[in-house]
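S.K.: What follows is a structure written as structure tokens; I'll ask about it next.
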Amino acid sequence: MERALVLMGCAIGAGLALIAGIGPGVGEGYAAGKALEAIARQPELTGTIRSNMFIGIALAETTGIYGFVTGLLLIFVAPRMFIGML
Amino acid sequence: MNVDIHGAPILYRLPIFGGINITSTVVITWCVMLVLTLLCRWLTSDLKVRDISKKQAAAEFIVNMAESFVDQNMGEKWKRYVPFIAAIFGLSLFSSLSSLLGLFPPTADLSTEFAWAIVVFIIITYQNLKANGLGGYLKGFCEPIFVMAPFNVLGEFFKPVSMSFRHFGNVVSGVVISSLVYAALISVNTALFNLIPGKVGELLGSIPILAVGLPSILSLYFDWFSSFMQAFIFCVLSMVFISTAAGEE
């Protein structure tokens, strides 16, 4: 019974942690859209704009990655740890 | 349906200091370093001034790229960081690409990236101390006002954490999604062909026909694009952090 509860909590928590993916998705889309606008305005700067866009996107991704790592920990590490504690 | 997602497999256990695990990360990283060293030796052997060979042209192209990459992000006077940045870039790229050979990529292990990030963190701190002195370094934490000091300290020490987690998360998400899709395709394949009655369906169901094409498209993104991208971003962030630590914008 306790095992089931622990597993349930970990699974629900992992699902909730992946909600963190929404923010980076919106933000990266916005960044890419702005970069396209900039490229449309100044096509000669395409290379610079693209590399700067990738840097910005990678920075924006951090929060999503934190959510993903939390999800991984909840699925692969936490159940064993909590069940060991019981 | 069996999904096989695991950390770095332990190959051998050294019986000293209460047991040190030699994981595949260590072994493959050493292999990658060996490959890189041999590649560099081979590319730079018998260099000439005139009538250069294709091999030398490639070597010069790579060196030029590395130098202009550091130039753009750090400026002219940071030339001595070119080997460091190029080494991290090559190591990261080849480690991630080792998954193409079916190996467990060392970058899917947080220890690898964390080690690189700690090296970068030490360089950041060294440059900061060199540029501002100990007093200036400590005073930098009290910007803009004294109350912000805990947040600044936390932010400083989270730089390596966020750098390593970014690289790790991207590689591991690729590994997890690829293995999930692979397992799902195999089970869909089995379920689909078992609808055909008799021995024929059973035979077709045991051959993973559906799992042939799609994983390679995923591999194109997760292995090729993501490897390049993460190596690039890790290097750019290290360069930006190092040059801002030395007080240059």
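Identifiers for the structure tokens are assigned positionally: chains receive A, B, ... in sequence, residues are indexed from 1 per chain, and ligands are indexed from 1 in the order shown.
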Do a neighbour search on segment 128-145 of chain B at 8 Å with only C-alpha atoms, toss out local chain neighbours closer than 4 positions, and write the hits as JSON, numbers by chain.
M.R.: {"B": [124, 149, 152, 153, 245, 246, 247]}
S.K.: Could you save those same residues with N, CA, C and O atoms as an mmCIF file, in the first residue's frame?
M.R.:
data_model
loop_
_atom_site.group_PDB
_atom_site.id
_atom_site.type_symbol
_atom_site.label_atom_id
_atom_site.label_comp_id
_atom_site.auth_asym_id
_atom_site.auth_seq_id
_atom_site.Cartn_x
_atom_site.Cartn_y
_atom_site.Cartn_z
ATOM 1 N N ILE B 124 36.708 31.189 -14.425
ATOM 2 C CA ILE B 124 35.938 32.421 -14.200
ATOM 3 C C ILE B 124 36.428 33.098 -12.932
ATOM 4 O O ILE B 124 36.722 34.297 -12.908
ATOM 5 N N ALA B 149 23.477 40.277 -1.555
ATOM 6 C CA ALA B 149 24.645 39.385 -1.527
ATOM 7 C C ALA B 149 24.292 37.896 -1.586
ATOM 8 O O ALA B 149 24.892 37.175 -2.379
ATOM 9 N N ASN B 152 23.430 36.949 -5.104
ATOM 10 C CA ASN B 152 24.569 36.993 -6.008
ATOM 11 C C ASN B 152 25.475 35.786 -5.816
ATOM 12 O O ASN B 152 25.962 35.212 -6.787
ATOM 13 N N VAL B 153 25.685 35.404 -4.539
ATOM 14 C CA VAL B 153 26.520 34.227 -4.268
ATOM 15 C C VAL B 153 25.877 32.987 -4.875
ATOM 16 O O VAL B 153 26.517 32.190 -5.565
ATOM 17 N N ALA B 245 33.743 38.061 -16.574
ATOM 18 C CA ALA B 245 34.371 38.009 -15.251
ATOM 19 C C ALA B 245 35.596 38.901 -15.234
ATOM 20 O O ALA B 245 35.915 39.507 -14.203
ATOM 21 N N ALA B 246 36.290 39.010 -16.382
ATOM 22 C CA ALA B 246 37.478 39.857 -16.417
ATOM 23 C C ALA B 246 37.116 41.305 -16.665
ATOM 24 O O ALA B 246 38.004 42.131 -16.897
ATOM 25 N N GLY B 247 35.820 41.613 -16.612
ATOM 26 C CA GLY B 247 35.409 43.011 -16.686
ATOM 27 C C GLY B 247 35.441 43.572 -18.089
ATOM 28 O O GLY B 247 35.754 44.736 -18.290
#
S.K.: Residues of chain B no more than 7 Å from chain A, counting only C-alpha atoms: send them over as an mmCIF file with N, CA, C and O atoms, in the first residue's frame.
M.R.:
data_model
loop_
_atom_site.group_PDB
_atom_site.id
_atom_site.type_symbol
_atom_site.label_atom_id
_atom_site.label_comp_id
_atom_site.auth_asym_id
_atom_site.auth_seq_id
_atom_site.Cartn_x
_atom_site.Cartn_y
_atom_site.Cartn_z
ATOM 1 N N SER B 162 23.870 25.296 -13.817
ATOM 2 C CA SER B 162 22.942 25.473 -14.936
ATOM 3 C C SER B 162 23.607 25.111 -16.255
ATOM 4 O O SER B 162 22.980 24.511 -17.123
ATOM 5 N N ARG B 166 22.125 22.047 -18.484
ATOM 6 C CA ARG B 166 21.582 22.330 -19.812
ATOM 7 C C ARG B 166 22.081 21.280 -20.816
ATOM 8 O O ARG B 166 21.309 20.675 -21.545
ATOM 9 N N GLY B 169 20.752 17.733 -19.787
ATOM 10 C CA GLY B 169 19.327 17.559 -20.042
ATOM 11 C C GLY B 169 19.041 17.364 -21.514
ATOM 12 O O GLY B 169 18.229 16.524 -21.891
ATOM 13 N N ILE B 233 26.902 25.868 -27.665
ATOM 14 C CA ILE B 233 26.352 26.723 -26.623
ATOM 15 C C ILE B 233 27.201 26.663 -25.358
ATOM 16 O O ILE B 233 27.437 27.685 -24.707
#
S.K.: Where in chain A does DSSP assign alpha helix (DSSP H), given as a PyMOL selection string?
M.R.: chain A and resi 2-17+22-41+46-60+62-72+78-85
S.K.: Mind dumping the selected residues with C-alpha atoms as an mmCIF file, in the first residue's frame?
M.R.:
data_model
loop_
_atom_site.group_PDB
_atom_site.id
_atom_site.type_symbol
_atom_site.label_atom_id
_atom_site.label_comp_id
_atom_site.auth_asym_id
_atom_site.auth_seq_id
_atom_site.Cartn_x
_atom_site.Cartn_y
_atom_site.Cartn_z
ATOM 1 C CA GLU A 2 2.718 2.443 0.965
ATOM 2 C CA ARG A 3 4.698 1.380 -2.082
ATOM 3 C CA ALA A 4 1.737 2.130 -4.303
ATOM 4 C CA LEU A 5 1.285 5.534 -2.695
ATOM 5 C CA VAL A 6 4.969 6.374 -3.156
ATOM 6 C CA LEU A 7 4.912 5.313 -6.800
ATOM 7 C CA MET A 8 1.710 7.255 -7.405
ATOM 8 C CA GLY A 9 3.152 10.387 -5.837
ATOM 9 C CA CYS A 10 6.349 10.108 -7.857
ATOM 10 C CA ALA A 11 4.477 9.563 -11.118
ATOM 11 C CA ILE A 12 2.104 12.484 -10.529
ATOM 12 C CA GLY A 13 5.030 14.667 -9.508
ATOM 13 C CA ALA A 14 6.952 13.748 -12.659
ATOM 14 C CA GLY A 15 3.940 14.659 -14.767
ATOM 15 C CA LEU A 16 3.558 17.972 -12.977
ATOM 16 C CA ALA A 17 7.273 18.722 -13.335
ATOM 17 C CA ILE A 22 5.299 25.198 -21.521
ATOM 18 C CA GLY A 23 7.271 28.318 -20.638
ATOM 19 C CA PRO A 24 10.384 27.572 -22.708
ATOM 20 C CA GLY A 25 8.183 26.494 -25.604
ATOM 21 C CA VAL A 26 6.384 29.830 -25.702
ATOM 22 C CA GLY A 27 9.564 31.791 -25.088
ATOM 23 C CA GLU A 28 11.626 30.003 -27.716
ATOM 24 C CA GLY A 29 8.883 30.391 -30.284
ATOM 25 C CA TYR A 30 8.766 34.095 -29.551
ATOM 26 C CA ALA A 31 12.556 34.382 -29.866
ATOM 27 C CA ALA A 32 12.553 32.502 -33.166
ATOM 28 C CA GLY A 33 9.730 34.708 -34.481
ATOM 29 C CA LYS A 34 11.611 37.864 -33.548
ATOM 30 C CA ALA A 35 14.755 36.495 -35.184
ATOM 31 C CA LEU A 36 12.796 35.864 -38.381
ATOM 32 C CA GLU A 37 11.524 39.439 -38.296
ATOM 33 C CA ALA A 38 15.073 40.682 -37.896
ATOM 34 C CA ILE A 39 16.273 38.482 -40.776
ATOM 35 C CA ALA A 40 13.445 39.770 -42.971
ATOM 36 C CA ARG A 41 14.521 43.320 -42.195
ATOM 37 C CA THR A 46 21.414 36.284 -41.135
ATOM 38 C CA GLY A 47 24.429 34.434 -39.705
ATOM 39 C CA THR A 48 24.893 36.695 -36.710
ATOM 40 C CA ILE A 49 21.191 36.799 -35.930
ATOM 41 C CA ARG A 50 20.901 33.041 -36.174
ATOM 42 C CA SER A 51 23.790 32.306 -33.827
ATOM 43 C CA ASN A 52 22.573 34.884 -31.310
ATOM 44 C CA MET A 53 19.089 33.411 -31.527
ATOM 45 C CA PHE A 54 20.447 29.948 -30.720
ATOM 46 C CA ILE A 55 22.279 31.305 -27.673
ATOM 47 C CA GLY A 56 19.125 33.027 -26.438
ATOM 48 C CA ILE A 57 17.027 29.949 -27.073
ATOM 49 C CA ALA A 58 19.512 27.764 -25.189
ATOM 50 C CA LEU A 59 19.402 30.129 -22.225
ATOM 51 C CA ALA A 60 15.607 30.182 -22.255
ATOM 52 C CA THR A 62 17.215 26.167 -18.845
ATOM 53 C CA THR A 63 13.974 26.219 -16.840
ATOM 54 C CA GLY A 64 12.491 23.526 -19.063
ATOM 55 C CA ILE A 65 15.608 21.412 -18.569
ATOM 56 C CA TYR A 66 15.314 21.825 -14.804
ATOM 57 C CA GLY A 67 11.753 20.519 -15.028
ATOM 58 C CA PHE A 68 12.902 17.599 -17.163
ATOM 59 C CA VAL A 69 15.729 16.705 -14.761
ATOM 60 C CA THR A 70 13.270 16.854 -11.862
ATOM 61 C CA GLY A 71 10.973 14.519 -13.767
ATOM 62 C CA LEU A 72 13.844 12.100 -14.416
ATOM 63 C CA ALA A 78 13.024 8.985 -6.015
ATOM 64 C CA PRO A 79 10.879 5.794 -5.832
ATOM 65 C CA ARG A 80 13.813 3.612 -4.783
ATOM 66 C CA MET A 81 14.957 6.214 -2.263
ATOM 67 C CA PHE A 82 11.530 6.717 -0.686
ATOM 68 C CA ILE A 83 10.674 3.014 -0.642
ATOM 69 C CA GLY A 84 14.026 2.383 1.029
ATOM 70 C CA MET A 85 13.056 4.901 3.689
#
